[in-house]
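Beneath this line is the structure, given in structure tokens, with notes to follow.
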Amino acid sequence: MGGTAAIPAVLTSRGADPAEVLDEAGVSPDLFDDPDNVISLVALDRLLQHCVAVTGCRHFGLLVGQRGGLHSLGLVGLVVRYSPDVATALSKLGSYLHLHNRGAISTVTTGGGKAMITYDFHQPNLRAIDQLGSGALASMHCVLRTLCGRDWRPIEVHFAHHEPEDVRPFRQFFRAPLQFDAAQNAIVFSHHWLKRPLPEVDPELDRLLRRHIDALEAQDGDDLPDQVRAVLRTVLLTDDAGIQQVAALFSMHTRTLSRRLHSFGTSFKALADEGRSEFARKMLQNTALDVFQIASSLGYADASAFTRAFRRWTDSTPAAWRKKKQAKRAGIPGDAV
């Protein structure tokens, strides 16, 4: 549950009855008794949609995320907090986030004196992606304030969804330039914060945390295709998405990686194609980026090459697919588009 546990409190603050709202959304109130309980991303998506409908608050997810932070990440939050510096802490967050949220992935990139931490969801067909995204970024903002101190400020905040009608709550919370319709949810900040040292951790506590996190990793299984999918979701929008770079992350030769993936009945090319298809549909559905911009983000030479690939994935052009999804959200019958 983590930061999701704040939903009843936010409902109360907006004048709604949490028990009634949860019941209407088909979510058991018992889930909120323990932050270690599990809720599916699909159920959370449905719940956030209903919370927005009941309260009329279009920034409901932002309010939930503001109550999050390291404390809402459980064991993962402790491992992140007890790191030697901010760079290591954020690297650990990216490595272990899947243990806390299987539907999300976080990465850190640097360049030009800036650092950018992303937080994206790879579950398809989420309808409250604006609530999930703004909530995740608000929670990440709280994480960075905890790690860096109260003097930390973002340079920009990027949202992978449309601009809301009222951006004032977002400006008041983030106090930074906001960019909507972005390719990824991200917070950009000065690179120098990554070098900030964190309080030293007790060696015994560090040993215990490592032992527990290793046990969770072992329980998570050894499905190589899923691990490669997770890496690709991290690097597909960068220049490090080739098989050589990904194989190096697994300390393998490219032939070894290909052979092992083949034993699972798949290939690196198929997984990369799957990842591009996933990113393309997310950007078409949740942003106003045009086809050329999406094609460029995904590494296609031009829009026509991307359109051919998209036809192969969906038997539709990007424009027609986006129009159909927009009509569905607006409640227009399929045969009317």
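Just so we're on the same page: first chain in the structure tokens is A, next is B, and so on; residues restart at 1 for each chain, and ligands are numbered from 1 in the order they show up.
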Taking 6 positions as the minimum chain separation for residues in the same chain, which residues sit within 10 Å of A:Cys148 when counting only C-alpha atoms? Answer as a ChimeraX atom specification.
/A:85-86,142,193-198
Just asking: which residues within stretch 85-283 of chain A are strand (DSSP E or B) according to DSSP, as number ranges by chain?
A: 85, 104-111, 114-121, 156-158, 178-179, 186-190, 197
May I have a table of the residues of stretch 81-175 of chain A lying at most 9 Å from stretch 42-58 of chain A, giving each one's closest pair of atoms and their distance in Å to one decimal, counting only C-alpha atoms, ordered by chain and ascending residue number, as a tab-separated table?
```
residue	atom	partner	partner_atom	distance
A:Gln123	CA	A:Val42	CA	8.1
A:Asn125	CA	A:Val42	CA	9.0
A:Leu126	CA	A:Asp45	CA	6.4
A:Arg127	CA	A:Asp45	CA	6.7
A:Ala128	CA	A:Asp45	CA	5.5
A:Ile129	CA	A:Asp45	CA	7.6
A:Gln131	CA	A:Leu48	CA	6.9
A:Leu132	CA	A:Asp45	CA	7.5
A:Pro164	CA	A:Arg58	CA	7.6
A:Glu165	CA	A:Arg58	CA	8.5
A:Asp166	CA	A:Arg58	CA	8.2
```
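Candidate residues A:Ala270, A:Ala160, A:Ala301, A:Met283 were compared for distance to A:Arg322, and the nearest is A:Met283, using only C-alpha atoms.
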Non-local contacts of stretch 244-260 of chain A (10 Å; only C-alpha atoms; under 4 positions in same chain excluded) as a PDB file with C-alpha atoms, in the first residue's frame:
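The resulting file, part19.pdb, is shown below:
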```pdb
ATOM      1  CA  LEU A 224      15.286 -13.366 -17.172  1.00  0.00           C
ATOM      2  CA  PRO A 225      12.796 -12.023 -19.753  1.00  0.00           C
ATOM      3  CA  GLN A 227      14.334  -8.685 -15.803  1.00  0.00           C
ATOM      4  CA  VAL A 228      15.267  -7.618 -19.338  1.00  0.00           C
ATOM      5  CA  VAL A 231      15.829  -2.825 -17.832  1.00  0.00           C
ATOM      6  CA  LEU A 232      14.374  -1.901 -21.232  1.00  0.00           C
ATOM      7  CA  VAL A 235      16.707   2.611 -21.074  1.00  0.00           C
ATOM      8  CA  ASP A 239      20.964   5.779 -26.192  1.00  0.00           C
ATOM      9  CA  ASP A 240      21.741   2.699 -24.059  1.00  0.00           C
ATOM     10  CA  PHE A 264      12.580 -18.832 -22.561  1.00  0.00           C
ATOM     11  CA  GLY A 265      11.107 -18.739 -26.069  1.00  0.00           C
ATOM     12  CA  THR A 266      11.827 -15.083 -26.782  1.00  0.00           C
ATOM     13  CA  SER A 267      14.580 -12.750 -28.033  1.00  0.00           C
ATOM     14  CA  PHE A 268      16.061  -9.366 -27.238  1.00  0.00           C
ATOM     15  CA  LYS A 269      14.544  -7.914 -30.423  1.00  0.00           C
TER      16      LYS A 269
END
```
Pull the alpha helix (DSSP H) assignments for stretch 198-282 of chain A out of DSSP run on the backbone, and list those residues as a short mmCIF file (atom, residue, chain, number, x, y, z; two decimals) with N, CA and C atoms, in the first residue's frame.
```
data_model
loop_
_atom_site.label_atom_id
_atom_site.label_comp_id
_atom_site.auth_asym_id
_atom_site.auth_seq_id
_atom_site.Cartn_x
_atom_site.Cartn_y
_atom_site.Cartn_z
N PRO A 203 26.91 -0.36 10.88
CA PRO A 203 27.25 -1.56 10.10
C PRO A 203 26.30 -2.73 10.33
N GLU A 204 25.87 -2.92 11.57
CA GLU A 204 24.96 -4.03 11.85
C GLU A 204 23.60 -3.81 11.20
N LEU A 205 23.11 -2.56 11.26
CA LEU A 205 21.84 -2.25 10.61
C LEU A 205 21.96 -2.44 9.10
N ASP A 206 23.08 -2.01 8.54
CA ASP A 206 23.30 -2.19 7.10
C ASP A 206 23.28 -3.67 6.73
N ARG A 207 23.92 -4.51 7.56
CA ARG A 207 23.95 -5.95 7.30
C ARG A 207 22.54 -6.54 7.33
N LEU A 208 21.75 -6.14 8.32
CA LEU A 208 20.38 -6.66 8.45
C LEU A 208 19.51 -6.23 7.26
N LEU A 209 19.65 -4.96 6.86
CA LEU A 209 18.85 -4.45 5.74
C LEU A 209 19.21 -5.20 4.46
N ARG A 210 20.52 -5.42 4.24
CA ARG A 210 20.95 -6.13 3.04
C ARG A 210 20.43 -7.57 3.04
N ARG A 211 20.44 -8.20 4.20
CA ARG A 211 19.97 -9.58 4.29
C ARG A 211 18.48 -9.67 3.96
N HIS A 212 17.71 -8.73 4.49
CA HIS A 212 16.26 -8.75 4.22
C HIS A 212 15.95 -8.42 2.76
N ILE A 213 16.65 -7.44 2.21
CA ILE A 213 16.37 -7.07 0.82
C ILE A 213 16.81 -8.18 -0.12
N ASP A 214 17.91 -8.89 0.21
CA ASP A 214 18.35 -10.02 -0.61
C ASP A 214 17.33 -11.15 -0.57
N ALA A 215 16.70 -11.34 0.60
CA ALA A 215 15.67 -12.38 0.73
C ALA A 215 14.46 -12.04 -0.13
N LEU A 216 14.09 -10.76 -0.16
CA LEU A 216 12.97 -10.35 -1.00
C LEU A 216 13.31 -10.52 -2.48
N GLU A 217 14.54 -10.19 -2.85
CA GLU A 217 14.98 -10.36 -4.23
C GLU A 217 14.91 -11.83 -4.64
N ALA A 218 15.32 -12.71 -3.72
CA ALA A 218 15.29 -14.14 -4.02
C ALA A 218 13.87 -14.62 -4.23
N GLN A 219 12.94 -14.10 -3.44
CA GLN A 219 11.53 -14.49 -3.58
C GLN A 219 10.95 -13.97 -4.89
N LEU A 224 14.42 -14.27 -16.42
CA LEU A 224 15.29 -13.37 -17.17
C LEU A 224 14.52 -12.46 -18.12
N PRO A 225 13.53 -12.95 -18.88
CA PRO A 225 12.80 -12.02 -19.75
C PRO A 225 12.16 -10.86 -18.99
N ASP A 226 11.60 -11.12 -17.81
CA ASP A 226 11.01 -10.04 -17.03
C ASP A 226 12.08 -9.05 -16.57
N GLN A 227 13.25 -9.57 -16.21
CA GLN A 227 14.33 -8.69 -15.80
C GLN A 227 14.80 -7.82 -16.97
N VAL A 228 14.87 -8.40 -18.16
CA VAL A 228 15.27 -7.62 -19.34
C VAL A 228 14.19 -6.59 -19.67
N ARG A 229 12.91 -6.99 -19.53
CA ARG A 229 11.82 -6.03 -19.75
C ARG A 229 11.98 -4.82 -18.82
N ALA A 230 12.29 -5.10 -17.55
CA ALA A 230 12.44 -4.02 -16.57
C ALA A 230 13.58 -3.08 -16.96
N VAL A 231 14.70 -3.64 -17.40
CA VAL A 231 15.83 -2.83 -17.83
C VAL A 231 15.45 -2.00 -19.05
N LEU A 232 14.76 -2.62 -20.02
CA LEU A 232 14.37 -1.90 -21.23
C LEU A 232 13.43 -0.75 -20.93
N ARG A 233 12.55 -0.93 -19.96
CA ARG A 233 11.66 0.17 -19.58
C ARG A 233 12.46 1.34 -19.03
N THR A 234 13.65 1.05 -18.52
CA THR A 234 14.52 2.08 -18.00
C THR A 234 15.28 2.79 -19.11
N VAL A 235 15.75 2.05 -20.12
CA VAL A 235 16.71 2.61 -21.07
C VAL A 235 16.16 2.85 -22.47
N ILE A 243 21.50 -4.20 -27.46
CA ILE A 243 21.74 -5.47 -26.79
C ILE A 243 23.10 -5.49 -26.08
N GLN A 244 24.10 -4.81 -26.64
CA GLN A 244 25.41 -4.80 -26.01
C GLN A 244 25.36 -4.11 -24.65
N GLN A 245 24.69 -2.95 -24.59
CA GLN A 245 24.60 -2.22 -23.33
C GLN A 245 23.79 -2.99 -22.30
N VAL A 246 22.66 -3.59 -22.73
CA VAL A 246 21.82 -4.34 -21.79
C VAL A 246 22.53 -5.60 -21.31
N ALA A 247 23.19 -6.31 -22.22
CA ALA A 247 23.94 -7.51 -21.82
C ALA A 247 25.01 -7.16 -20.80
N ALA A 248 25.65 -6.01 -20.97
CA ALA A 248 26.70 -5.59 -20.03
C ALA A 248 26.14 -5.39 -18.63
N LEU A 249 24.89 -4.92 -18.53
CA LEU A 249 24.26 -4.73 -17.22
C LEU A 249 24.06 -6.06 -16.49
N THR A 254 26.75 -10.73 -25.40
CA THR A 254 25.48 -10.65 -26.12
C THR A 254 25.00 -12.03 -26.58
N ARG A 255 25.94 -12.90 -26.96
CA ARG A 255 25.53 -14.25 -27.40
C ARG A 255 24.92 -15.04 -26.24
N THR A 256 25.48 -14.85 -25.03
CA THR A 256 24.95 -15.54 -23.86
C THR A 256 23.54 -15.06 -23.54
N LEU A 257 23.35 -13.74 -23.58
CA LEU A 257 22.03 -13.19 -23.31
C LEU A 257 21.02 -13.70 -24.34
N SER A 258 21.41 -13.69 -25.62
CA SER A 258 20.51 -14.18 -26.67
C SER A 258 20.16 -15.64 -26.46
N ARG A 259 21.17 -16.45 -26.11
CA ARG A 259 20.94 -17.88 -25.91
C ARG A 259 19.99 -18.14 -24.73
N ARG A 260 20.19 -17.39 -23.64
CA ARG A 260 19.34 -17.59 -22.47
C ARG A 260 17.90 -17.12 -22.73
N LEU A 261 17.75 -16.02 -23.45
CA LEU A 261 16.41 -15.56 -23.79
C LEU A 261 15.72 -16.56 -24.72
N HIS A 262 16.49 -17.14 -25.62
CA HIS A 262 15.94 -18.15 -26.54
C HIS A 262 15.40 -19.34 -25.75
N SER A 263 16.06 -19.69 -24.64
CA SER A 263 15.59 -20.83 -23.84
C SER A 263 14.24 -20.54 -23.20
N PHE A 268 15.88 -10.77 -27.63
CA PHE A 268 16.06 -9.37 -27.24
C PHE A 268 15.26 -8.45 -28.16
N LYS A 269 15.28 -8.74 -29.46
CA LYS A 269 14.54 -7.91 -30.42
C LYS A 269 13.06 -7.91 -30.10
N ALA A 270 12.50 -9.08 -29.76
CA ALA A 270 11.08 -9.17 -29.44
C ALA A 270 10.75 -8.37 -28.19
N LEU A 271 11.62 -8.44 -27.17
CA LEU A 271 11.37 -7.71 -25.93
C LEU A 271 11.50 -6.21 -26.13
N ALA A 272 12.48 -5.80 -26.94
CA ALA A 272 12.64 -4.38 -27.24
C ALA A 272 11.44 -3.86 -28.04
N ASP A 273 10.96 -4.67 -28.98
CA ASP A 273 9.78 -4.31 -29.78
C ASP A 273 8.56 -4.17 -28.88
N GLU A 274 8.43 -5.10 -27.94
CA GLU A 274 7.33 -5.07 -26.98
C GLU A 274 7.39 -3.79 -26.14
N GLY A 275 8.59 -3.42 -25.72
CA GLY A 275 8.75 -2.22 -24.92
C GLY A 275 8.41 -0.96 -25.70
N ARG A 276 8.84 -0.89 -26.96
CA ARG A 276 8.52 0.29 -27.78
C ARG A 276 7.01 0.40 -28.00
N SER A 277 6.37 -0.74 -28.22
CA SER A 277 4.92 -0.75 -28.40
C SER A 277 4.22 -0.21 -27.15
N GLU A 278 4.70 -0.63 -26.00
CA GLU A 278 4.13 -0.20 -24.72
C GLU A 278 4.29 1.31 -24.54
N PHE A 279 5.52 1.81 -24.77
CA PHE A 279 5.78 3.25 -24.63
C PHE A 279 4.95 4.04 -25.63
N ALA A 280 4.86 3.57 -26.88
CA ALA A 280 4.13 4.29 -27.92
C ALA A 280 2.67 4.47 -27.53
N ARG A 281 2.04 3.39 -27.07
CA ARG A 281 0.62 3.49 -26.70
C ARG A 281 0.41 4.41 -25.50
N LYS A 282 1.34 4.35 -24.54
CA LYS A 282 1.22 5.23 -23.38
C LYS A 282 1.29 6.69 -23.80
#
```
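As for atom CA of A:Ser106 and atom CA of A:Leu90, they are spaced 8.7 Å apart.
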May I ask for the distance between atom CA of A:Ala9 and atom CA of A:Leu137, given in Å to one decimal place?
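Taking atom CA of A:Ala9 as the start and atom CA of A:Leu137 as the end point, the length is 19.2 Å.
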Which residues of stretch 55-147 of chain A come within 9 Å of stretch 169-182 of chain A, and for each one, what is the closest pair of atoms and their distance in Å to one decimal, counting only C-alpha atoms, sorted by chain and residue number, as a tab-separated table?
```
residue	atom	partner	partner_atom	distance
A:His59	CA	A:Pro169	CA	7.3
A:Leu62	CA	A:Phe170	CA	7.6
A:Leu63	CA	A:Pro169	CA	9.0
A:Gln66	CA	A:Phe173	CA	8.3
A:Ser134	CA	A:Phe170	CA	8.6
A:Ala138	CA	A:Phe174	CA	7.8
A:His141	CA	A:Phe174	CA	7.7
```
May I have the residues from that selection written out with N, CA and C atoms, as a PDB file, in the first residue's frame?
```
ATOM      1  N   HIS A  59      -6.899  17.182  -8.609  1.00  0.00           N
ATOM      2  CA  HIS A  59      -5.507  16.961  -8.185  1.00  0.00           C
ATOM      3  C   HIS A  59      -5.466  16.030  -6.968  1.00  0.00           C
ATOM      4  N   LEU A  62      -2.201  14.177  -6.487  1.00  0.00           N
ATOM      5  CA  LEU A  62      -1.156  15.067  -5.982  1.00  0.00           C
ATOM      6  C   LEU A  62      -1.236  15.167  -4.460  1.00  0.00           C
ATOM      7  N   LEU A  63      -2.452  15.299  -3.920  1.00  0.00           N
ATOM      8  CA  LEU A  63      -2.633  15.403  -2.473  1.00  0.00           C
ATOM      9  C   LEU A  63      -2.196  14.122  -1.762  1.00  0.00           C
ATOM     10  N   GLN A  66       1.663  13.936  -1.755  1.00  0.00           N
ATOM     11  CA  GLN A  66       2.303  14.870  -0.828  1.00  0.00           C
ATOM     12  C   GLN A  66       2.480  14.272   0.559  1.00  0.00           C
ATOM     13  N   SER A 134       1.059  12.223 -11.039  1.00  0.00           N
ATOM     14  CA  SER A 134       1.267  13.389 -10.172  1.00  0.00           C
ATOM     15  C   SER A 134       1.512  12.954  -8.733  1.00  0.00           C
ATOM     16  N   ALA A 138       4.934  13.759  -6.659  1.00  0.00           N
ATOM     17  CA  ALA A 138       4.869  14.446  -5.367  1.00  0.00           C
ATOM     18  C   ALA A 138       5.603  13.638  -4.298  1.00  0.00           C
ATOM     19  N   HIS A 141       9.266  13.918  -4.880  1.00  0.00           N
ATOM     20  CA  HIS A 141       9.694  15.238  -4.404  1.00  0.00           C
ATOM     21  C   HIS A 141       9.971  15.164  -2.902  1.00  0.00           C
TER      22      HIS A 141
END
```
Å distance separating atom CA of A:Gly113 from atom CA of A:Ile155, one decimal place
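Pair atom CA of A:Gly113 / atom CA of A:Ile155 returns 11.2 Å.
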